[in-house]
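Novice: This is the structure I have questions about; it appears just below.
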Amino acid sequence: MPTSLRSQLDSLASNFATAVLAAIRGASLDELVAESGGAPRRGPGRPRGSLTTKAAPTAARASAPVPKAGGGRLARRSPADIAKALAQVVALVKTKKAGLRSEEIRKALKLDVREVPRVLKEGLAKKKLKSKGQKRATTYSAA
């Protein structure tokens, strides 16, 4: 008896699956999307707005970068921006005979912490600055 019940259930399941597949194949894509509820659902833990596209790109900068509020990546700086900052650093360092540390340069020129290393590295590479000392004790002076 259990074998006849099992074979009967198997044939019903097979017929049902065949009928569902035939209905799906016969339906149009619009009907399928309408039946599924339209837009895809967000999964658990996904942040809001991640499925929408971003707004129009921001306009190009004309001058120095403006750091984002709350941290994040620093905006891309052009070589002209870096050269301008380097000129300010060289002018400041020339006023101090003993030289200045990078923290003092940053405070005096009100630069972002992340901007200073690139400017100082550029100044050393172009031989506009010279350094003395190691790590935080490094002082920079005009070459």
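FYI, nothing fancy with the structure tokens labels: chains A, B, ... in order, residues from 1 per chain, ligands from 1 as they appear.
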Within 12 Å of Lys121 in chain A, counting only C-alpha atoms, which residues show up once you throw out same-chain ones fewer than 6 positions away? Write them as a PyMOL selection string, please.
Specialist: chain A and resi 82-83+85-86+89+102+115+127-131+140
Novice: Would you kindly return, as a PyMOL selection string, each protein, DNA or RNA residue with an atom no farther than 7 Å from any atom of range 94-98 of chain A, considering only C-alpha atoms and excluding same-chain residues fewer than 3 positions away?
Specialist: chain A and resi 90-91+141-142
Novice: If you run DSSP over the backbone, which residues in range 61-127 of chain A end up helix (DSSP H, G or I)? Put them as a ChimeraX atom specification.
Specialist: /A:79-95,102-109,116-125
Novice: As an exercise, work out the distance from CA of Ala125 in chain A to CA of Leu74 in chain A in Å and give it to one decimal place.
Specialist: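 For CA of Ala125 in chain A relative to CA of Leu74 in chain A, the distance reads 21.9 Å.
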